[in-house]
>>> print(open('final.cif').read())   # mmCIF, C-alpha atoms
data_data
loop_
_atom_site.label_atom_id
_atom_site.label_comp_id
_atom_site.auth_asym_id
_atom_site.auth_seq_id
_atom_site.Cartn_x
_atom_site.Cartn_y
_atom_site.Cartn_z
CA MET A 1 0.00 0.00 0.00
CA THR A 2 1.43 3.41 -0.98
CA SER A 3 1.84 6.16 1.60
CA SER A 4 -0.99 8.12 -0.07
CA SER A 5 -3.29 5.08 0.01
CA SER A 6 -2.33 4.43 3.62
CA ARG A 7 -3.28 7.98 4.60
CA TRP A 8 -6.65 7.65 2.90
CA TYR A 9 -7.24 4.28 4.59
CA ASN A 10 -6.47 5.77 8.00
CA ASP A 11 -8.73 8.75 7.27
CA LEU A 12 -11.65 6.53 6.30
CA SER A 13 -11.25 3.83 8.96
CA ALA A 14 -11.48 6.44 11.71
CA TYR A 15 -15.16 6.95 10.82
CA LEU A 16 -16.05 3.27 11.31
CA ASP A 17 -15.30 3.07 15.04
CA ARG A 18 -18.36 2.00 17.06
CA ARG A 19 -18.05 5.10 19.25
CA MET A 20 -18.36 7.26 16.14
CA LEU A 21 -21.65 5.58 15.25
CA VAL A 22 -23.00 6.39 18.72
CA ILE A 23 -21.87 10.00 18.28
CA LEU A 24 -23.66 10.05 14.90
CA VAL A 25 -27.00 9.08 16.47
CA LEU A 26 -26.61 11.50 19.38
CA GLY A 27 -25.77 14.23 16.86
CA PHE A 28 -29.07 13.45 15.12
CA SER A 29 -30.95 14.03 18.38
CA SER A 30 -29.12 17.34 18.86
CA GLY A 31 -29.88 18.56 15.35
CA LEU A 32 -33.57 17.67 15.35
CA PRO A 33 -34.91 20.52 17.57
CA TYR A 34 -32.72 23.25 16.04
CA ALA A 35 -34.78 23.79 12.88
CA LEU A 36 -38.08 23.25 14.69
CA SER A 37 -37.35 26.07 17.13
CA PHE A 38 -36.81 28.71 14.43
CA ILE A 39 -35.84 27.83 10.84
CA THR A 40 -38.93 25.74 10.12
CA LEU A 41 -41.05 28.11 12.20
CA SER A 42 -39.97 31.03 9.98
CA VAL A 43 -41.72 29.40 7.00
CA TRP A 44 -44.87 28.87 9.06
CA PHE A 45 -44.71 32.50 10.24
CA ARG A 46 -44.29 33.85 6.71
CA GLU A 47 -47.33 31.88 5.57
CA VAL A 48 -49.56 33.62 8.15
CA GLY A 49 -48.12 37.09 7.46
CA VAL A 50 -45.58 37.64 10.25
CA SER A 51 -43.20 40.45 9.20
CA ARG A 52 -39.52 39.94 8.42
CA GLY A 53 -38.55 42.16 11.33
CA GLU A 54 -40.63 40.09 13.77
CA ILE A 55 -39.21 36.87 12.35
CA GLY A 56 -35.68 38.19 12.82
CA LEU A 57 -36.38 39.16 16.42
CA PHE A 58 -37.95 35.75 17.06
CA SER A 59 -34.50 34.23 16.50
CA LEU A 60 -33.65 35.56 19.98
CA VAL A 61 -35.39 32.47 21.35
CA GLY A 62 -32.11 30.75 20.46
CA LEU A 63 -30.31 32.56 23.30
CA PRO A 64 -30.41 29.53 25.65
CA TYR A 65 -27.91 27.91 23.27
CA ALA A 66 -25.58 30.81 24.09
CA LEU A 67 -26.36 30.86 27.83
CA LYS A 68 -26.06 27.15 28.53
CA LEU A 69 -22.83 27.66 30.47
CA LEU A 70 -25.06 29.01 33.29
CA TRP A 71 -26.49 25.56 34.03
CA ALA A 72 -23.80 23.33 32.48
CA PRO A 73 -22.10 22.80 35.90
CA PHE A 74 -25.37 21.44 37.30
CA ILE A 75 -25.56 18.92 34.46
CA ASP A 76 -21.88 18.09 35.04
CA ARG A 77 -22.24 17.54 38.78
CA VAL A 78 -25.83 17.32 40.09
CA PRO A 79 -27.38 13.82 39.89
CA VAL A 80 -30.90 13.21 38.63
CA PRO A 81 -32.88 11.53 41.42
CA TRP A 82 -33.17 7.77 40.86
CA LEU A 83 -32.03 7.96 37.21
CA THR A 84 -28.38 8.80 37.82
CA ALA A 85 -27.96 5.81 40.13
CA ALA A 86 -29.29 3.56 37.38
CA LEU A 87 -27.83 5.15 34.24
CA GLY A 88 -24.96 7.44 35.27
CA GLN A 89 -24.53 11.22 35.11
CA ARG A 90 -24.37 11.73 31.34
CA ARG A 91 -27.04 9.24 30.32
CA SER A 92 -29.58 10.31 32.96
CA TRP A 93 -29.38 13.98 31.98
CA ALA A 94 -29.58 13.09 28.27
CA LEU A 95 -32.79 11.17 28.89
CA VAL A 96 -34.33 14.01 30.94
CA ALA A 97 -33.50 16.54 28.21
CA GLN A 98 -34.98 14.34 25.48
CA LEU A 99 -38.21 13.78 27.40
CA GLY A 100 -38.51 17.53 27.97
CA LEU A 101 -37.93 18.14 24.27
CA MET A 102 -40.72 15.81 23.23
CA VAL A 103 -43.27 17.52 25.48
CA SER A 104 -42.24 21.08 24.58
CA LEU A 105 -42.20 20.39 20.82
CA VAL A 106 -45.77 19.09 20.94
CA TRP A 107 -46.78 22.19 22.93
CA LEU A 108 -45.08 24.52 20.42
CA GLY A 109 -46.83 22.89 17.47
CA SER A 110 -50.25 23.18 19.11
CA LEU A 111 -50.15 27.01 19.11
CA ASP A 112 -51.34 29.49 16.45
CA PRO A 113 -48.72 32.06 15.30
CA SER A 114 -51.38 34.46 13.98
CA ARG A 115 -52.87 34.85 17.48
CA GLN A 116 -50.34 33.44 19.96
CA LEU A 117 -46.93 34.67 18.80
CA GLY A 118 -45.87 35.64 22.32
CA LEU A 119 -46.90 32.27 23.75
CA MET A 120 -45.07 30.57 20.89
CA ALA A 121 -41.94 32.47 21.87
CA MET A 122 -42.26 31.07 25.39
CA ALA A 123 -42.76 27.54 24.08
CA ALA A 124 -39.81 27.91 21.71
CA LEU A 125 -37.65 29.08 24.63
CA VAL A 126 -38.50 25.88 26.51
CA VAL A 127 -37.64 23.83 23.41
CA VAL A 128 -34.28 25.57 23.05
CA PHE A 129 -33.53 25.25 26.78
CA MET A 130 -34.09 21.50 26.60
CA ALA A 131 -32.14 21.26 23.34
CA ALA A 132 -29.22 23.20 24.81
CA SER A 133 -29.25 20.93 27.87
CA GLN A 134 -29.09 17.90 25.60
CA ASP A 135 -26.18 19.49 23.72
CA ILE A 136 -24.23 19.94 26.98
CA VAL A 137 -24.48 16.22 27.64
CA VAL A 138 -23.78 15.12 24.07
CA ASP A 139 -20.72 17.39 23.72
CA ALA A 140 -19.33 16.23 27.07
CA TYR A 141 -19.95 12.57 26.20
CA ARG A 142 -18.13 12.96 22.86
CA ILE A 143 -15.11 14.69 24.40
CA GLU A 144 -14.85 12.20 27.27
CA ILE A 145 -14.92 9.03 25.17
CA LEU A 146 -12.46 10.25 22.50
CA GLU A 147 -8.74 10.97 22.51
CA ASP A 148 -7.41 14.36 21.36
CA ASP A 149 -6.43 13.05 17.92
CA GLU A 150 -9.96 11.67 17.44
CA GLN A 151 -11.80 14.93 18.10
CA ALA A 152 -11.84 16.04 14.44
CA THR A 153 -13.44 12.75 13.38
CA GLY A 154 -15.83 12.95 16.33
CA GLY A 155 -16.73 16.50 15.35
CA ALA A 156 -17.40 15.35 11.79
CA MET A 157 -19.69 12.55 12.98
CA THR A 158 -21.52 14.99 15.23
CA GLN A 159 -22.07 17.22 12.22
CA TYR A 160 -23.26 14.28 10.11
CA GLY A 161 -25.87 13.36 12.69
CA TYR A 162 -26.76 16.99 13.35
CA ARG A 163 -27.38 17.67 9.68
CA VAL A 164 -29.52 14.56 9.26
CA GLY A 165 -31.51 15.75 12.27
CA MET A 166 -31.90 19.17 10.68
CA LEU A 167 -32.94 17.50 7.42
CA THR A 168 -35.61 15.55 9.28
CA SER A 169 -36.96 18.68 10.98
CA GLY A 170 -36.40 20.87 7.91
CA PHE A 171 -37.18 18.90 4.77
CA GLY A 172 -39.39 16.47 6.65
CA ALA A 173 -41.39 19.17 8.41
CA LEU A 174 -41.84 21.31 5.29
CA PHE A 175 -42.81 18.29 3.20
CA LEU A 176 -45.37 17.22 5.81
CA SER A 177 -46.70 20.78 6.21
CA ASP A 178 -48.10 20.69 2.66
CA ARG A 179 -50.00 17.53 3.60
CA MET A 180 -51.11 17.93 7.23
CA ALA A 181 -51.64 20.57 9.90
CA TRP A 182 -48.55 22.09 11.51
CA SER A 183 -49.63 20.74 14.91
CA TRP A 184 -49.37 17.17 13.63
CA VAL A 185 -46.06 17.95 11.95
CA TYR A 186 -44.60 18.77 15.35
CA VAL A 187 -46.04 15.60 16.90
CA VAL A 188 -44.39 13.50 14.20
CA GLU A 189 -41.06 15.32 14.57
CA ALA A 190 -41.10 14.92 18.36
CA GLY A 191 -41.49 11.18 17.84
CA PHE A 192 -38.06 10.99 16.17
CA LEU A 193 -36.46 11.73 19.54
CA LEU A 194 -37.27 8.15 20.51
CA ILE A 195 -34.24 7.12 18.41
CA GLY A 196 -31.91 9.12 20.62
CA MET A 197 -33.61 7.90 23.79
CA ALA A 198 -33.17 4.27 22.74
CA THR A 199 -29.49 4.93 22.05
CA VAL A 200 -28.96 6.55 25.46
CA LEU A 201 -30.47 3.49 27.14
CA ARG A 202 -28.10 1.13 25.30
CA ILE A 203 -24.74 2.93 25.48
CA SER A 204 -22.27 2.78 28.36
CA GLU A 205 -21.59 5.68 30.70
CA PRO A 206 -18.14 7.24 30.03
CA ASP A 207 -15.43 6.86 32.64
CA SER A 208 -16.13 9.51 35.28
CA SER A 209 -12.87 9.20 37.20
CA SER A 210 -11.19 12.22 35.58
CA ARG A 211 -14.34 14.28 36.03
CA ASP A 212 -14.61 13.30 39.68
CA ARG A 213 -10.92 13.99 40.33
CA ALA A 214 -11.13 17.40 38.67
CA PHE A 215 -14.09 18.34 40.83
CA ALA A 216 -12.71 16.86 44.05
CA ALA A 217 -9.39 18.66 43.62
CA ARG A 218 -11.22 21.98 43.63
CA GLN A 219 -13.95 21.13 46.10
CA GLY A 220 -11.82 21.23 49.25
CA GLU A 221 -13.29 20.19 52.53
CA ARG A 222 -16.90 19.11 52.43
CA SER A 223 -19.13 21.38 54.53
CA VAL A 224 -22.80 22.22 54.89
CA GLY A 225 -25.11 25.20 54.48
CA ILE A 226 -24.28 28.44 52.68
CA GLY A 227 -20.56 27.76 52.88
CA ALA A 228 -20.95 24.45 51.08
CA ALA A 229 -23.07 26.06 48.37
CA TRP A 230 -20.46 28.78 47.86
CA GLU A 231 -17.65 26.23 47.66
CA TRP A 232 -19.66 24.21 45.14
CA MET A 233 -20.23 27.32 43.01
CA LYS A 234 -16.54 28.22 43.07
CA ALA A 235 -15.48 24.68 42.24
CA SER A 236 -17.97 24.39 39.38
CA TYR A 237 -17.86 27.81 37.71
CA LEU A 238 -14.42 29.31 38.28
CA PRO A 239 -11.97 26.65 37.01
CA PRO A 240 -13.04 26.71 33.32
CA PHE A 241 -12.71 30.51 33.19
CA VAL A 242 -9.46 30.64 35.17
CA ASP A 243 -7.95 27.91 32.99
CA PHE A 244 -8.81 29.81 29.82
CA LEU A 245 -7.56 33.18 31.10
CA ARG A 246 -4.11 31.65 31.75
CA ARG A 247 -3.58 31.30 28.02
CA LYS A 248 -1.36 33.71 26.16
CA PHE A 249 -3.84 34.61 23.41
CA TRP A 250 -7.05 34.22 25.37
CA LEU A 251 -8.67 37.48 24.23
CA PRO A 252 -7.95 37.04 20.49
CA MET A 253 -9.17 33.46 20.83
CA LEU A 254 -12.49 34.62 22.27
CA ILE A 255 -12.91 37.16 19.49
CA PHE A 256 -12.10 34.49 16.92
CA ILE A 257 -14.68 32.11 18.44
CA VAL A 258 -17.32 34.85 18.13
CA LEU A 259 -16.46 35.78 14.54
CA TYR A 260 -15.74 32.46 12.86
CA ARG A 261 -19.34 31.29 12.27
CA PHE A 262 -20.97 34.73 12.26
CA PRO A 263 -21.52 34.97 8.45
CA ASP A 264 -23.42 31.66 8.48
CA SER A 265 -25.53 32.66 11.49
CA PHE A 266 -26.39 36.06 10.05
CA LEU A 267 -27.44 34.60 6.71
CA ALA A 268 -29.34 31.62 8.16
CA VAL A 269 -31.86 33.82 10.01
CA MET A 270 -33.14 35.23 6.71
CA ALA A 271 -32.50 32.28 4.36
CA ASN A 272 -36.01 30.76 4.39
CA VAL A 273 -37.58 34.22 4.26
CA PHE A 274 -35.45 34.95 1.17
CA TYR A 275 -36.59 31.72 -0.48
CA LYS A 276 -40.25 32.49 0.23
CA ASP A 277 -39.88 36.05 -1.08
CA LEU A 278 -38.49 34.66 -4.35
CA GLY A 279 -41.66 32.62 -4.73
CA PHE A 280 -40.53 29.08 -3.96
CA SER A 281 -43.08 26.68 -2.45
CA ASN A 282 -42.50 24.82 0.81
CA THR A 283 -41.96 21.57 -1.13
CA GLU A 284 -39.39 23.24 -3.39
CA ILE A 285 -37.58 24.73 -0.41
CA ALA A 286 -37.63 21.34 1.32
CA SER A 287 -36.45 19.45 -1.75
CA VAL A 288 -33.59 21.79 -2.63
CA SER A 289 -32.42 23.50 0.56
CA LYS A 290 -32.94 20.48 2.83
CA ALA A 291 -32.81 17.18 0.93
CA PHE A 292 -30.51 18.21 -1.94
CA GLY A 293 -28.39 20.31 0.37
CA LEU A 294 -27.84 17.37 2.71
CA ALA A 295 -25.63 15.54 0.20
CA ALA A 296 -23.45 18.64 -0.18
CA THR A 297 -23.30 19.07 3.61
CA LEU A 298 -22.25 15.47 4.19
CA ILE A 299 -19.48 15.83 1.61
CA GLY A 300 -18.41 19.09 3.25
CA ILE A 301 -18.32 17.51 6.71
CA PHE A 302 -16.18 14.66 5.40
CA LEU A 303 -13.82 17.06 3.61
CA GLY A 304 -13.60 19.25 6.72
CA GLY A 305 -12.60 16.24 8.80
CA ILE A 306 -9.96 15.23 6.24
CA VAL A 307 -8.55 18.79 6.03
CA VAL A 308 -8.23 19.07 9.83
CA HIS A 309 -6.90 15.53 10.21
CA ARG A 310 -4.13 16.11 7.66
CA TRP A 311 -3.22 19.77 8.09
CA GLY A 312 -4.00 20.46 11.74
CA ILE A 313 -6.78 22.45 13.32
CA LEU A 314 -5.62 26.02 12.60
CA ARG A 315 -4.77 25.44 8.94
CA GLY A 316 -8.07 23.60 8.61
CA LEU A 317 -9.91 26.54 10.16
CA LEU A 318 -8.26 28.91 7.69
CA VAL A 319 -9.06 26.86 4.59
CA CYS A 320 -12.63 26.14 5.67
CA GLY A 321 -13.15 29.77 6.74
CA VAL A 322 -12.20 31.09 3.32
CA VAL A 323 -14.53 28.62 1.60
CA GLN A 324 -17.34 29.53 4.03
CA MET A 325 -16.93 33.26 3.42
CA LEU A 326 -16.86 33.06 -0.39
CA SER A 327 -19.86 30.71 -0.58
CA ASN A 328 -22.20 33.52 0.49
CA LEU A 329 -21.55 35.23 -2.83
CA MET A 330 -23.65 32.56 -4.57
CA TYR A 331 -26.74 34.12 -3.01
CA ILE A 332 -26.12 37.22 -5.09
CA ALA A 333 -26.58 35.18 -8.27
CA MET A 334 -29.75 33.74 -6.78
CA ALA A 335 -31.12 37.20 -5.95
CA GLN A 336 -30.55 38.31 -9.53
CA ALA A 337 -31.95 35.12 -11.10
CA GLY A 338 -35.18 35.03 -9.10
CA ASP A 339 -37.09 31.75 -8.74
CA SER A 340 -34.63 29.67 -10.80
CA LEU A 341 -34.41 26.14 -9.44
CA PRO A 342 -30.99 25.39 -11.06
CA ILE A 343 -29.43 28.51 -9.49
CA PHE A 344 -31.14 27.68 -6.19
CA ALA A 345 -29.66 24.17 -6.29
CA ALA A 346 -26.16 25.43 -7.13
CA THR A 347 -26.31 28.01 -4.33
CA ILE A 348 -27.45 25.48 -1.77
CA ALA A 349 -24.83 22.94 -2.88
CA ILE A 350 -21.95 25.37 -2.45
CA GLU A 351 -23.27 26.94 0.76
CA ASN A 352 -23.92 23.58 2.43
CA LEU A 353 -20.55 22.18 1.33
CA SER A 354 -18.74 25.14 2.90
CA SER A 355 -20.90 25.10 6.02
CA GLY A 356 -20.16 21.43 6.60
CA MET A 357 -16.42 22.03 6.25
CA ALA A 358 -16.38 25.06 8.56
CA GLY A 359 -18.62 23.44 11.15
CA THR A 360 -16.39 20.38 11.46
CA ALA A 361 -13.23 22.47 11.78
CA PHE A 362 -14.86 24.72 14.39
CA ILE A 363 -16.11 21.83 16.55
CA ALA A 364 -12.64 20.25 16.44
CA TYR A 365 -11.11 23.57 17.52
CA LEU A 366 -13.45 24.05 20.49
CA SER A 367 -13.07 20.40 21.52
CA SER A 368 -9.27 20.72 21.44
CA LEU A 369 -9.46 23.52 24.00
CA CYS A 370 -11.41 21.47 26.57
CA SER A 371 -10.29 19.36 29.50
CA PRO A 372 -12.04 15.95 29.72
CA GLY A 373 -12.47 16.51 33.44
CA LEU A 374 -14.66 19.58 32.86
CA ALA A 375 -15.81 18.92 29.31
CA GLY A 376 -19.50 19.76 29.74
CA THR A 377 -18.93 23.13 31.40
CA GLN A 378 -15.88 24.12 29.38
CA TYR A 379 -17.35 23.31 25.97
CA ALA A 380 -20.59 25.05 26.96
CA MET A 381 -18.57 28.08 28.03
CA LEU A 382 -16.62 28.34 24.77
CA SER A 383 -19.58 27.68 22.50
CA ALA A 384 -21.74 30.11 24.51
CA ILE A 385 -19.13 32.86 24.19
CA GLY A 386 -19.38 32.42 20.44
CA LEU A 387 -23.15 32.14 20.26
CA LEU A 388 -24.34 34.95 22.55
CA PRO A 389 -23.06 37.99 20.61
CA ARG A 390 -23.45 36.17 17.29
CA ASN A 391 -27.10 35.28 17.82
CA SER A 392 -27.91 38.69 19.31
CA LEU A 393 -26.53 40.55 16.30
CA SER A 394 -28.08 38.08 13.83
CA ALA A 395 -31.53 38.86 15.26
CA PHE A 396 -31.38 42.25 13.53
CA SER A 397 -30.72 40.76 10.09
CA GLY A 398 -34.44 41.07 9.29
CA PHE A 399 -34.35 44.83 9.82
CA LEU A 400 -31.25 45.09 7.61
CA ALA A 401 -33.02 43.08 4.89
CA ASP A 402 -36.13 45.28 5.20
CA GLY A 403 -34.05 48.47 5.03
CA LEU A 404 -32.00 47.40 2.02
CA THR A 405 -34.92 45.99 0.02
CA GLY A 406 -36.97 49.08 0.83
CA ALA A 407 -34.19 51.39 -0.33
CA TYR A 408 -32.95 49.52 -3.41
CA GLY A 409 -35.75 47.13 -4.37
CA GLU A 410 -35.99 43.39 -3.77
CA ALA A 411 -33.20 42.10 -6.03
CA ALA A 412 -30.67 44.87 -5.36
CA GLY A 413 -31.50 45.01 -1.66
CA TRP A 414 -30.94 41.29 -1.17
CA THR A 415 -27.72 41.58 -3.21
CA TRP A 416 -26.32 44.17 -0.79
CA PHE A 417 -27.48 42.03 2.12
CA PHE A 418 -25.41 39.07 0.90
CA ILE A 419 -22.40 41.26 0.13
CA ALA A 420 -22.52 42.43 3.75
CA SER A 421 -22.79 38.86 5.06
CA THR A 422 -19.76 37.85 2.98
CA ALA A 423 -17.65 40.73 4.29
CA MET A 424 -18.44 39.60 7.85
CA GLY A 425 -16.27 36.52 7.29
CA LEU A 426 -13.05 38.41 6.52
CA PRO A 427 -12.01 39.26 10.14
CA ALA A 428 -12.05 35.58 11.20
CA VAL A 429 -9.97 34.58 8.17
CA LEU A 430 -7.38 37.26 8.98
CA MET A 431 -7.29 36.13 12.62
CA ALA A 432 -6.67 32.52 11.57
CA VAL A 433 -3.67 33.73 9.56
CA TRP A 434 -2.49 35.69 12.62
CA PHE A 435 -2.78 32.60 14.85
CA LEU A 436 -0.84 30.50 12.37
CA GLY A 437 2.02 32.97 12.49
CA ARG A 438 2.21 32.74 16.27
CA GLY A 439 1.00 29.33 17.37
CA GLY A 440 1.86 26.86 14.65
CA ALA A 441 -0.71 24.46 13.24
CA GLU A 442 -2.20 23.13 16.44
CA GLY A 443 -5.62 23.86 17.96
CA ARG A 444 -4.06 25.27 21.15
CA PRO A 445 -1.97 28.25 20.00
CA ALA A 446 0.69 29.38 22.41
CA GLN A 447 -0.82 27.82 25.51
CA ASP A 448 -0.61 24.99 27.93
CA SER A 449 -3.16 22.23 27.63
CA CYS A 450 -6.44 22.55 29.47
#
>>> encode(input="final.cif", output="structure tokens")
Amino acid sequence: MTSSSSRWYNDLSAYLDRRMLVILVLGFSSGLPYALSFITLSVWFREVGVSRGEIGLFSLVGLPYALKLLWAPFIDRVPVPWLTAALGQRRSWALVAQLGLMVSLVWLGSLDPSRQLGLMAMAALVVVFMAASQDIVVDAYRIEILEDDEQATGGAMTQYGYRVGMLTSGFGALFLSDRMAWSWVYVVEAGFLLIGMATVLRISEPDSSSRDRAFAARQGERSVGIGAAWEWMKASYLPPFVDFLRRKFWLPMLIFIVLYRFPDSFLAVMANVFYKDLGFSNTEIASVSKAFGLAATLIGIFLGGIVVHRWGILRGLLVCGVVQMLSNLMYIAMAQAGDSLPIFAATIAIENLSSGMAGTAFIAYLSSLCSPGLAGTQYAMLSAIGLLPRNSLSAFSGFLADGLTGAYGEAAGWTWFFIASTAMGLPAVLMAVWFLGRGGAEGRPAQDSC
């Protein structure tokens, strides 16, 4: 076998590990509620006449994804009565989150957006809270069962599952919405969580010894009352922050985490609204942007994993970041072409390919910065730091779209919108180049390990 063939064999065989298949299924459960809490809802809202500005603001219901570090230590440390003794810390919390998701999704689908938009926002917040709680467990489980050199492959498998989950709640929901009431669509989608629940019941709990040692080393003497609560808070919340602040480039790293996926987030809030404004039907949007786009996403995830595996995390981030930034330009051609299915398909193919690549590289980067002993809290902290400002700013994308289309007309206004979203990717690309010049090709530039 040649050296080139051997490298390809090693790249491919890494995906066939049994642990990777478990991560794939858990990724599916994580991806399922994401579209149902906003992206799919935006189509439903547009059908009943909700304005673009209101739809953009509704994306703020995604804030629990960015605030999950607030309760991640509880999921890391606090046992679930009865369940934890039987299943373990990670599995018990995963099951609780999935049960909560099923109930809240059915509640969300039972409401009427034309009369109960505020109540729908409350229901969507509960959905996202449960989804974010599930993500804390799934991310921690992935990090704890994999070695450092397996994190890129694990991140790719998470993305594979996540995207299939989004396809199920995107394409599947839109396809069903042309054939049944939205309330029943949400009942059907909630039922898919049974797959993740069955998986949680069958898998083994990861080794908790490093997690317990990390907590015990910071816990100090066990006491009772207010003092014990304060010691618990210090032991749970402070170490992840203190550990990160010891790093040489901690501030640039935080800025980079915020900026890297911002172009995708900003564009995604308005994507389905843009498709509807061009005149595409729900079935067309589902067929092209969800089903057809899935193939491109899966290829992108695989390529992202290969790029990171071969070239290292920082070089992979740079390559994938450039591809991600330039892919937004395809939407300009779509804005000019109108309701052209071939241009729609080409745009989705390129955008999903780049998104899959960038998402895999980004997950590998965040995972490389985490300590297995505090994986749930630390990954939640880093991902939340990226999501909070990114999601907050993206919520105003609807007002930008309204302003530009009002000033320049639909086609020209959307064109300027996508030019702006492309330019938003340049700072992260420049920062990746800066990191490479100072920290080499590893995912932990100029720092000690976590």
>>> closest_residue(input="final.cif", among="A:Gly191, A:Gly49, A:Gly413, A:Gly155", to="A:Gly305", atoms="all atoms listed in the file")
A:Gly155
>>> resolve_selection(input="final.cif", expression="the PyMOL selection byres ((chain A and resi 183) around 9)", output="list in words")
Val106, Trp107, Leu108, Gly109, Ser110, Leu111, Met180, Ala181, Trp182, Trp184, Val185, Tyr186, Val187 and Val188 of chain A
>>> write_last_selection(input="final.cif", atoms="C-alpha atoms", output="PDB file, keeping the file's coordinate frame")
ATOM      1  CA  VAL A 106     -45.770  19.090  20.940  1.00  0.00           C
ATOM      2  CA  TRP A 107     -46.780  22.190  22.930  1.00  0.00           C
ATOM      3  CA  LEU A 108     -45.080  24.520  20.420  1.00  0.00           C
ATOM      4  CA  GLY A 109     -46.830  22.890  17.470  1.00  0.00           C
ATOM      5  CA  SER A 110     -50.250  23.180  19.110  1.00  0.00           C
ATOM      6  CA  LEU A 111     -50.150  27.010  19.110  1.00  0.00           C
ATOM      7  CA  MET A 180     -51.110  17.930   7.230  1.00  0.00           C
ATOM      8  CA  ALA A 181     -51.640  20.570   9.900  1.00  0.00           C
ATOM      9  CA  TRP A 182     -48.550  22.090  11.510  1.00  0.00           C
ATOM     10  CA  TRP A 184     -49.370  17.170  13.630  1.00  0.00           C
ATOM     11  CA  VAL A 185     -46.060  17.950  11.950  1.00  0.00           C
ATOM     12  CA  TYR A 186     -44.600  18.770  15.350  1.00  0.00           C
ATOM     13  CA  VAL A 187     -46.040  15.600  16.900  1.00  0.00           C
ATOM     14  CA  VAL A 188     -44.390  13.500  14.200  1.00  0.00           C
TER      15      VAL A 188
END
>>> resolve_selection(input="final.cif", expression="the PyMOL selection byres ((chain A and resi 246-260) around 6)", output="list in words")
Asp243, Phe244, Leu245, Arg261, Phe262, Gly386, Ala428 and Gln447 of chain A
>>> atom_distance(input="final.cif", atom1="atom CA of A:Leu353", atom2="atom CA of A:Leu32")
19.7 Å
>>> closest_residue(input="final.cif", among="A:Gln116, A:Ser30, A:Asn272, A:Gln98", to="A:Val138", atoms="all atoms listed in the file")
A:Ser30
>>> residues_around(input="final.cif", residues="A:Ile285", least_positions_apart="6", cutoff="12 Å", atoms="only C-alpha atoms", output="ChimeraX atom specification")
/A:39-40,43,167,170-175,177-178,271-279,291-293,339-341,344-345,348
>>> atom_distance(input="final.cif", atom1="atom CA of A:Leu101", atom2="atom CA of A:Lys68")
15.5 Å
>>> atom_distance(input="final.cif", atom1="atom CA of A:Phe362", atom2="atom CA of A:Ile203")
26.4 Å
>>> closest_residue(input="final.cif", among="A:Gln378, A:Ser29, A:Thr405, A:Ser37", to="A:Phe241", atoms="only C-alpha atoms")
A:Gln378
>>> resolve_selection(input="final.cif", expression="the PyMOL selection byres ((chain A and resi 402) around 12)", output="PyMOL selection string")
chain A and resi 51-56+270+273-274+277+396-401+403-410+412-414+416-417
>>> closest_residue(input="final.cif", among="A:Ala361, A:Leu294, A:Met122, A:Ala333", to="A:Gly312", atoms="only C-alpha atoms")
A:Ala361
>>> axis_aligned_box(input="final.cif", around="stretch 66-70 of chain A", padding_each_side="4 Å", output="lines of an AutoDock Vina configuration file")
center_x = -24.6
center_y = 29.0
center_z = 28.7
size_x = 11.5
size_y = 11.7
size_z = 17.2
>>> residues_around(input="final.cif", residues="A:Phe74", least_positions_apart="4", cutoff="9 Å", atoms="all atoms listed in the file", output="list in words")
Leu70, Val78, Pro79, Ser236 and Thr377 of chain A
>>> decode(input="final.cif", residues="stretch 171-191 of chain A", atoms="C-alpha atoms", output="PDB file, in the first residue's frame")
ATOM      1  CA  PHE A 171     -37.180  18.897   4.770  1.00  0.00           C
ATOM      2  CA  GLY A 172     -39.389  16.471   6.647  1.00  0.00           C
ATOM      3  CA  ALA A 173     -41.394  19.175   8.406  1.00  0.00           C
ATOM      4  CA  LEU A 174     -41.837  21.313   5.289  1.00  0.00           C
ATOM      5  CA  PHE A 175     -42.815  18.293   3.199  1.00  0.00           C
ATOM      6  CA  LEU A 176     -45.368  17.225   5.812  1.00  0.00           C
ATOM      7  CA  SER A 177     -46.704  20.779   6.212  1.00  0.00           C
ATOM      8  CA  ASP A 178     -48.102  20.688   2.661  1.00  0.00           C
ATOM      9  CA  ARG A 179     -49.995  17.526   3.602  1.00  0.00           C
ATOM     10  CA  MET A 180     -51.108  17.927   7.232  1.00  0.00           C
ATOM     11  CA  ALA A 181     -51.639  20.570   9.903  1.00  0.00           C
ATOM     12  CA  TRP A 182     -48.554  22.092  11.509  1.00  0.00           C
ATOM     13  CA  SER A 183     -49.630  20.736  14.911  1.00  0.00           C
ATOM     14  CA  TRP A 184     -49.373  17.166  13.629  1.00  0.00           C
ATOM     15  CA  VAL A 185     -46.059  17.950  11.947  1.00  0.00           C
ATOM     16  CA  TYR A 186     -44.598  18.765  15.354  1.00  0.00           C
ATOM     17  CA  VAL A 187     -46.043  15.605  16.901  1.00  0.00           C
ATOM     18  CA  VAL A 188     -44.386  13.499  14.199  1.00  0.00           C
ATOM     19  CA  GLU A 189     -41.061  15.323  14.573  1.00  0.00           C
ATOM     20  CA  ALA A 190     -41.096  14.922  18.357  1.00  0.00           C
ATOM     21  CA  GLY A 191     -41.486  11.181  17.844  1.00  0.00           C
TER      22      GLY A 191
END
